[in-house]
file start_6.cif (mmCIF, C-alpha atoms and all ligand atoms)
data_entry
loop_
_atom_site.label_atom_id
_atom_site.label_comp_id
_atom_site.auth_asym_id
_atom_site.auth_seq_id
_atom_site.Cartn_x
_atom_site.Cartn_y
_atom_site.Cartn_z
CA MET A 25 14.50 2.96 1.48
CA ASN A 26 13.16 -0.41 0.45
CA LEU A 27 10.87 -1.09 -2.45
CA TRP A 28 8.52 -3.77 -3.62
CA VAL A 29 7.59 -2.94 -7.17
CA ALA A 30 4.72 -4.29 -9.24
CA ASN A 31 4.90 -3.52 -12.94
CA LYS A 32 1.75 -4.06 -14.93
CA PRO A 33 0.77 -6.47 -16.50
CA GLY A 34 1.58 -8.15 -13.30
CA VAL A 35 5.07 -9.42 -12.80
CA TRP A 36 6.59 -7.84 -9.76
CA VAL A 37 10.13 -7.62 -8.69
CA GLY A 38 11.44 -6.73 -5.29
CA CYS A 39 14.58 -4.67 -5.22
CA TRP A 40 16.66 -2.50 -2.97
CA ILE A 41 16.50 1.10 -4.02
CA LEU A 42 20.15 1.64 -3.21
CA SER A 43 21.25 0.04 -6.46
CA ALA A 44 18.64 1.82 -8.52
CA PHE A 45 18.50 5.20 -6.85
CA ALA A 46 19.63 7.12 -9.91
CA TYR A 47 17.04 5.42 -12.09
CA PHE A 48 14.13 6.14 -9.80
CA SER A 49 15.27 9.70 -9.23
CA SER A 50 15.21 10.45 -12.94
CA ALA A 51 11.99 8.48 -13.48
CA LYS A 52 10.26 10.59 -10.85
CA ALA A 53 10.89 13.80 -12.76
CA SER A 54 7.59 13.58 -14.66
CA LEU A 55 5.56 12.47 -11.63
CA ILE A 56 3.04 14.80 -10.05
CA GLU A 57 1.48 13.85 -6.72
CA ILE A 58 -2.32 13.69 -6.83
CA ASN A 59 -3.95 14.17 -3.44
CA PRO A 60 -7.32 12.62 -2.59
CA GLN A 61 -9.96 14.74 -0.89
CA ASN A 62 -10.67 12.08 1.71
CA TYR A 63 -10.95 8.34 2.32
CA THR A 64 -12.86 5.75 4.30
CA PHE A 65 -12.02 2.36 5.83
CA SER A 66 -14.19 -0.72 5.48
CA ARG A 67 -12.96 -2.04 8.84
CA PRO A 68 -11.94 -0.22 12.00
CA THR A 69 -8.29 0.07 12.96
CA VAL A 70 -6.98 -1.90 15.93
CA ASN A 71 -4.88 -0.73 18.85
CA GLY A 72 -2.13 -2.79 20.46
CA SER A 73 0.78 -1.62 22.56
CA TYR A 74 0.12 1.83 21.06
CA ASN A 75 -2.70 3.72 19.39
CA TYR A 76 -2.80 2.65 15.76
CA GLY A 77 -5.95 4.59 14.90
CA ASP A 78 -6.22 7.35 12.31
CA GLN A 79 -6.14 10.28 14.70
CA THR A 80 -6.85 13.02 12.16
CA GLY A 81 -8.78 11.15 9.50
CA ARG A 82 -6.03 12.20 7.11
CA GLN A 83 -3.03 10.30 8.41
CA LEU A 84 -2.72 8.23 5.22
CA ILE A 85 -2.41 11.39 3.08
CA ASP A 86 -0.59 13.81 5.41
CA GLY A 87 2.93 13.23 4.09
CA ALA A 88 4.13 11.89 7.45
CA TYR A 89 5.88 8.51 7.41
CA GLY A 90 6.80 6.15 10.21
CA THR A 91 9.95 4.14 10.61
CA ALA A 92 10.66 0.43 10.82
CA SER A 93 10.51 0.73 14.58
CA ILE A 94 6.74 0.83 15.13
CA GLY A 95 6.88 2.48 18.54
CA ALA A 96 9.31 5.22 17.56
CA ASN A 97 8.34 8.70 18.75
CA LEU A 98 9.02 11.05 15.84
CA GLY A 99 7.51 14.01 17.66
CA ASN A 100 3.83 13.20 17.98
CA GLY A 101 4.01 10.24 20.35
CA PRO A 102 4.96 6.59 19.97
CA ALA A 103 3.74 4.91 16.77
CA TYR A 104 1.73 8.03 15.86
CA GLU A 105 2.45 7.64 12.13
CA TRP A 106 1.20 4.04 11.93
CA ILE A 107 -2.32 2.86 11.12
CA ALA A 108 -2.93 -0.84 11.71
CA TRP A 109 -5.41 -3.64 11.29
CA THR A 110 -5.37 -7.23 12.47
CA ALA A 111 -6.69 -10.17 10.53
CA THR A 112 -9.25 -12.66 11.67
CA PRO A 113 -9.97 -15.98 9.94
CA SER A 114 -13.00 -14.35 8.29
CA ALA A 115 -11.58 -10.88 7.67
CA LYS A 116 -8.11 -10.56 6.22
CA THR A 117 -8.65 -7.43 4.16
CA VAL A 118 -9.54 -3.80 4.63
CA ASN A 119 -10.66 -1.56 1.79
CA ILE A 120 -9.40 2.00 1.83
CA ASP A 121 -11.57 3.97 -0.59
CA PHE A 122 -10.03 7.24 -1.75
CA ASN A 123 -12.21 10.00 -3.17
CA PHE A 124 -10.51 12.45 -5.54
CA GLY A 125 -13.62 14.52 -6.19
CA SER A 126 -13.25 14.33 -9.97
CA LEU A 127 -11.47 12.25 -12.58
CA ALA A 128 -7.89 11.66 -11.51
CA GLN A 129 -5.15 10.25 -13.70
CA ILE A 130 -2.99 7.97 -11.59
CA ASN A 131 -0.06 6.00 -12.94
CA ARG A 132 1.65 4.95 -9.73
CA ILE A 133 0.62 4.21 -6.15
CA ASP A 134 3.00 3.82 -3.22
CA VAL A 135 1.84 2.22 0.02
CA GLY A 136 4.13 2.73 3.01
CA SER A 137 4.38 -0.31 5.26
CA LEU A 138 6.82 -2.26 7.39
CA GLN A 139 7.69 -5.70 8.61
CA ASP A 140 8.58 -6.55 12.14
CA ARG A 141 8.66 -10.34 12.24
CA PRO A 142 6.85 -13.10 10.39
CA GLY A 143 3.81 -14.31 12.24
CA ASN A 144 3.18 -10.93 13.77
CA VAL A 145 3.79 -7.84 11.65
CA VAL A 146 4.50 -8.63 8.01
CA LEU A 147 4.13 -6.80 4.72
CA PRO A 148 0.57 -6.90 3.40
CA ASN A 149 -0.58 -7.71 -0.12
CA VAL A 150 -2.04 -4.74 -1.99
CA TYR A 151 -4.90 -4.75 -4.53
CA VAL A 152 -6.00 -1.66 -6.46
CA TYR A 153 -9.39 -0.96 -8.03
CA GLN A 154 -10.96 2.06 -9.69
CA SER A 155 -14.55 3.28 -9.87
CA VAL A 156 -16.55 6.01 -11.55
CA ASN A 157 -19.27 6.00 -8.88
CA GLY A 158 -17.70 4.65 -5.69
CA THR A 159 -19.91 1.57 -5.86
CA THR A 160 -18.84 -0.57 -8.82
CA TRP A 161 -15.14 -1.40 -8.89
CA SER A 162 -12.80 -2.62 -11.60
CA ALA A 163 -9.55 -4.39 -10.72
CA VAL A 164 -6.44 -2.49 -11.76
CA ALA A 165 -3.36 -4.15 -10.27
CA GLN A 166 -2.03 -6.16 -7.37
CA LEU A 167 1.18 -6.61 -5.46
CA VAL A 168 1.74 -9.85 -3.57
CA THR A 169 4.43 -9.89 -0.92
CA PRO A 170 5.28 -13.41 0.26
CA VAL A 171 6.27 -13.59 3.90
CA SER A 172 10.03 -13.67 4.37
CA THR A 173 12.30 -12.94 7.30
CA ILE A 174 14.62 -10.93 5.07
CA ASN A 175 12.01 -8.14 5.16
CA ASN A 176 12.29 -7.88 8.94
CA GLY A 177 12.90 -4.51 10.50
CA LYS A 178 12.49 -2.51 7.29
CA HIS A 179 10.19 0.26 6.13
CA PHE A 180 8.93 -0.44 2.60
CA GLU A 181 7.29 1.48 -0.18
CA LEU A 182 4.96 -1.05 -1.79
CA GLN A 183 4.95 0.41 -5.27
CA LEU A 184 2.41 -0.31 -8.04
CA ASN A 185 3.68 1.03 -11.35
CA ASP A 186 2.45 1.60 -14.89
CA LEU A 187 -1.17 1.99 -13.83
CA SER A 188 -3.78 3.50 -16.17
CA ILE A 189 -6.28 4.87 -13.69
CA ASP A 190 -8.60 7.70 -14.71
CA ALA A 191 -11.37 7.76 -12.16
CA PRO A 192 -12.66 9.78 -9.22
CA TYR A 193 -12.51 6.82 -6.80
CA VAL A 194 -9.63 4.46 -6.11
CA ARG A 195 -9.80 1.51 -3.73
CA VAL A 196 -6.60 0.25 -2.13
CA THR A 197 -7.24 -3.11 -0.47
CA ILE A 198 -4.76 -4.14 2.20
CA GLU A 199 -4.65 -7.88 2.80
CA ASN A 200 -2.98 -9.29 5.86
CA ASN A 201 -0.52 -12.03 5.07
CA VAL A 202 -1.29 -15.04 7.26
CA THR A 203 -3.12 -14.04 10.47
CA ASN A 204 -1.39 -11.02 11.83
CA TRP A 205 -1.03 -7.28 11.77
CA ALA A 206 -0.75 -4.99 8.76
CA PHE A 207 0.62 -1.48 9.16
CA VAL A 208 0.30 1.46 6.74
CA ASP A 209 1.61 4.99 7.23
CA GLU A 210 0.90 6.70 3.90
CA VAL A 211 -0.59 6.11 0.47
CA ASP A 212 0.86 8.26 -2.31
CA PHE A 213 -0.77 8.68 -5.72
CA TRP A 214 1.26 9.84 -8.71
CA LYS A 215 0.35 11.06 -12.17
CA ASP A 216 2.97 10.58 -14.88
CA SER A 217 2.60 13.76 -16.90
CA SER A 218 4.33 12.13 -19.87
CA LYS A 219 1.44 9.68 -20.26
CA VAL A 220 -2.13 10.12 -21.47
CA VAL A 221 -4.75 7.83 -19.99
CA GLN A 222 -8.04 7.03 -21.72
CA SER A 223 -10.94 8.49 -19.80
CA VAL A 224 -12.96 5.27 -19.88
CA PRO A 225 -11.96 3.06 -16.94
CA GLU A 226 -11.16 -0.54 -17.67
CA SER A 227 -14.07 -2.87 -17.15
CA GLY A 228 -14.33 -6.44 -16.04
CA THR A 229 -11.64 -8.32 -14.27
CA THR A 230 -8.02 -7.49 -14.42
CA ALA A 231 -5.53 -9.35 -16.52
CA SER A 232 -4.03 -12.27 -14.73
CA MET A 233 -1.37 -11.26 -12.33
CA VAL A 234 1.68 -13.27 -11.62
CA ALA A 235 2.79 -13.52 -8.05
CA GLY A 236 6.43 -14.28 -7.50
CA SER A 237 8.10 -15.53 -4.43
CA MET A 238 11.22 -14.74 -2.56
CA ALA A 239 13.98 -17.19 -1.83
CA LEU A 240 13.19 -17.61 1.82
CA LEU A 241 9.63 -18.14 2.93
CA PHE A 242 8.76 -18.53 6.55
CA PHE A 243 5.15 -19.05 7.48
CA LEU A 244 5.10 -18.69 11.22
CA ARG A 245 1.59 -18.62 12.49
CA GLY A 246 2.06 -17.55 16.07
CA ARG A 247 0.31 -14.38 17.09
CA PHE A 248 1.86 -11.79 19.31
CA LYS A 249 0.93 -8.41 20.60
CA ALA A 250 2.39 -5.72 18.39
CA CA B 1 0.98 9.55 6.99
CA CA B 2 1.32 11.88 0.17
#
call {"tool": "encode", "arguments": {"input": "start_6.cif", "output": "structure tokens"}}
result
Amino acid sequence: MNLWVANKPGVWVGCWILSAFAYFSSAKASLIEINPQNYTFSRPTVNGSYNYGDQTGRQLIDGAYGTASIGANLGNGPAYEWIAWTATPSAKTVNIDFNFGSLAQINRIDVGSLQDRPGNVVLPNVYVYQSVNGTTWSAVAQLVTPVSTINNGKHFELQLNDLSIDAPYVRVTIENNVTNWAFVDEVDFWKDSSKVVQSVPESGTTASMVAGSMALLFFLRGRFKA
């Protein structure tokens, strides 16, 4: 399991879970998964070599994860677990708006994704917002994932930590890196029962976030069919 972790107020670190497995196992003890009622996309999914649509309308919250091999058949057909979007010069993001039905305390969000190869399928950037009415949004956190070949062929949990969300609506914006595909298989929301969150959502813009970079950056702009 591979992790990208963003710790508020904004400095992220990327790490391999293998060296920190014990830490995360113990840290997860107070986490309770909070399940949204439903969600909507601001842009339609895109098919390629396989169907990357959301075939049940709940595939991002059904507990089923894909693998780093996009086309793998895990029992429901090739690539069934993956939802994908492509970027165009004018549209690099998709908003996934989750509706919890009532105030939800959320302290951590995990977005399952993968990287195939730079220039084609790379890890997306993730931005999180909260809303009391589903219309007006306040920035909460972001996770920037610079393109690097060392992420190739891996399934990642893009993890946003130490959040202070208390709202009925949460927007997870997926931003394609460069012009390419972005794949997501699941979005998990966690409440840390050891924390109390104020019931008034933060207003205005988020604190400045610091985006780091990895040692090797490869910006290959060729487009391929995923
Ligand atoms: Ca899923
Ligand atoms: Ca889940």
call {"tool": "closest_residue", "arguments": {"input": "start_6.cif", "among": "A:Ala103, A:Ile94, A:Val152, A:Val70", "to": "Leu167 (chain A)", "atoms": "only C-alpha atoms"}}
result
A:Val152
call {"tool": "residues_near_ligand", "arguments": {"input": "start_6.cif", "ligand": "ligand CA 2 (chain B)", "cutoff": "8 Å", "atoms": "only C-alpha atoms and all ligand atoms", "output": "list of chain:residue names"}}
result
A:Glu57, A:Asn59, A:Leu84, A:Ile85, A:Asp86, A:Gly87, A:Ala88, A:Glu210, A:Val211, A:Asp212, A:Phe213
call {"tool": "residues_around", "arguments": {"input": "start_6.cif", "residues": "Asp140 (chain A)", "least_positions_apart": "3", "cutoff": "8 Å", "atoms": "all atoms listed in the file", "output": "PDB file with C-alpha atoms, keeping the file's coordinate frame"}}
result
ATOM      1  CA  ALA A  92      10.660   0.430  10.820  1.00  0.00           C
ATOM      2  CA  SER A  93      10.510   0.730  14.580  1.00  0.00           C
ATOM      3  CA  ASN A 144       3.180 -10.930  13.770  1.00  0.00           C
ATOM      4  CA  VAL A 145       3.790  -7.840  11.650  1.00  0.00           C
ATOM      5  CA  VAL A 146       4.500  -8.630   8.010  1.00  0.00           C
ATOM      6  CA  ASN A 175      12.010  -8.140   5.160  1.00  0.00           C
ATOM      7  CA  ASN A 176      12.290  -7.880   8.940  1.00  0.00           C
ATOM      8  CA  GLY A 177      12.900  -4.510  10.500  1.00  0.00           C
ATOM      9  CA  LYS A 178      12.490  -2.510   7.290  1.00  0.00           C
TER      10      LYS A 178
END
call {"tool": "residues_near_ligand", "arguments": {"input": "start_6.cif", "ligand": "ligand CA 1 (chain B)", "cutoff": "12 Å", "atoms": "all atoms listed in the file", "output": "count of residues only"}}
result
32
call {"tool": "residues_around", "arguments": {"input": "start_6.cif", "residues": "Pro60 (chain A)", "least_positions_apart": "6", "cutoff": "8 Å", "atoms": "all atoms listed in the file", "output": "list in words"}}
result
Ile85, Phe122, Asn123, Phe124 and Gly125 of chain A
call {"tool": "closest_residue", "arguments": {"input": "start_6.cif", "among": "A:Ser126, A:Asn204, A:Ser54, A:Asn62", "to": "Trp109 (chain A)", "atoms": "all atoms listed in the file"}}
result
A:Asn204
call {"tool": "closest_residue", "arguments": {"input": "start_6.cif", "among": "A:Ala96, A:Val220, A:Ile58, A:Val168", "to": "Ile198 (chain A)", "atoms": "only C-alpha atoms"}}
result
A:Val168
call {"tool": "closest_residue", "arguments": {"input": "start_6.cif", "among": "A:Val156, A:Ile133, A:Leu138, A:Val196", "to": "Ser66 (chain A)", "atoms": "all atoms listed in the file"}}
result
A:Val196
call {"tool": "residues_around", "arguments": {"input": "start_6.cif", "residues": "Lys215 (chain A)", "least_positions_apart": "2", "cutoff": "6 Å", "atoms": "all atoms listed in the file", "output": "CSV table (one decimal) with C-alpha atoms, in the coordinates of the input"}}
result
chain,number,residue,atom,x,y,z
A,55,LEU,CA,5.6,12.5,-11.6
A,56,ILE,CA,3.0,14.8,-10.0
A,129,GLN,CA,-5.2,10.2,-13.7
A,130,ILE,CA,-3.0,8.0,-11.6
A,131,ASN,CA,-0.1,6.0,-12.9
A,217,SER,CA,2.6,13.8,-16.9
call {"tool": "atom_distance", "arguments": {"input": "start_6.cif", "atom1": "CA of Thr197 (chain A)", "atom2": "CA of Asn149 (chain A)"}}
result
8.1 Å
call {"tool": "atom_distance", "arguments": {"input": "start_6.cif", "atom1": "CA of Ile174 (chain A)", "atom2": "CA of Val29 (chain A)"}}
result
16.2 Å
call {"tool": "closest_residue", "arguments": {"input": "start_6.cif", "among": "A:Gly72, A:Gly95, A:Pro102, A:Pro113", "to": "Thr203 (chain A)", "atoms": "all atoms listed in the file"}}
result
A:Pro113
call {"tool": "axis_aligned_box", "arguments": {"input": "start_6.cif", "around": "region 102-113 of chain A", "padding_each_side": "4 Å", "output": "JSON"}}
result
{"center_x": -2.5, "center_y": -4.0, "center_z": 15.0, "size_x": 22.9, "size_y": 32.0, "size_z": 18.0}
call {"tool": "atom_distance", "arguments": {"input": "start_6.cif", "atom1": "CA of Phe180 (chain A)", "atom2": "CA of Gln154 (chain A)"}}
result
23.5 Å
call {"tool": "closest_residue", "arguments": {"input": "start_6.cif", "among": "A:Lys219, A:His179, A:Arg132, A:Lys116", "to": "Leu147 (chain A)", "atoms": "all atoms listed in the file"}}
result
A:His179
call {"tool": "residues_near_point", "arguments": {"input": "start_6.cif", "point": "(-15.6, 1.8, -6.5)", "cutoff": "9 Å", "atoms": "all atoms listed in the file", "output": "list of chain:residue names"}}
result
A:Asp121, A:Tyr153, A:Gln154, A:Ser155, A:Val156, A:Asn157, A:Gly158, A:Thr159, A:Thr160, A:Trp161, A:Ser162, A:Pro192, A:Tyr193, A:Val194, A:Arg195
call {"tool": "residues_near_point", "arguments": {"input": "start_6.cif", "point": "(-10.5, -13.8, 8.0)", "cutoff": "10 Å", "atoms": "all atoms listed in the file", "output": "list of chain:residue names"}}
result
A:Thr110, A:Ala111, A:Thr112, A:Pro113, A:Ser114, A:Ala115, A:Lys116, A:Thr117, A:Glu199, A:Asn200, A:Val202, A:Thr203
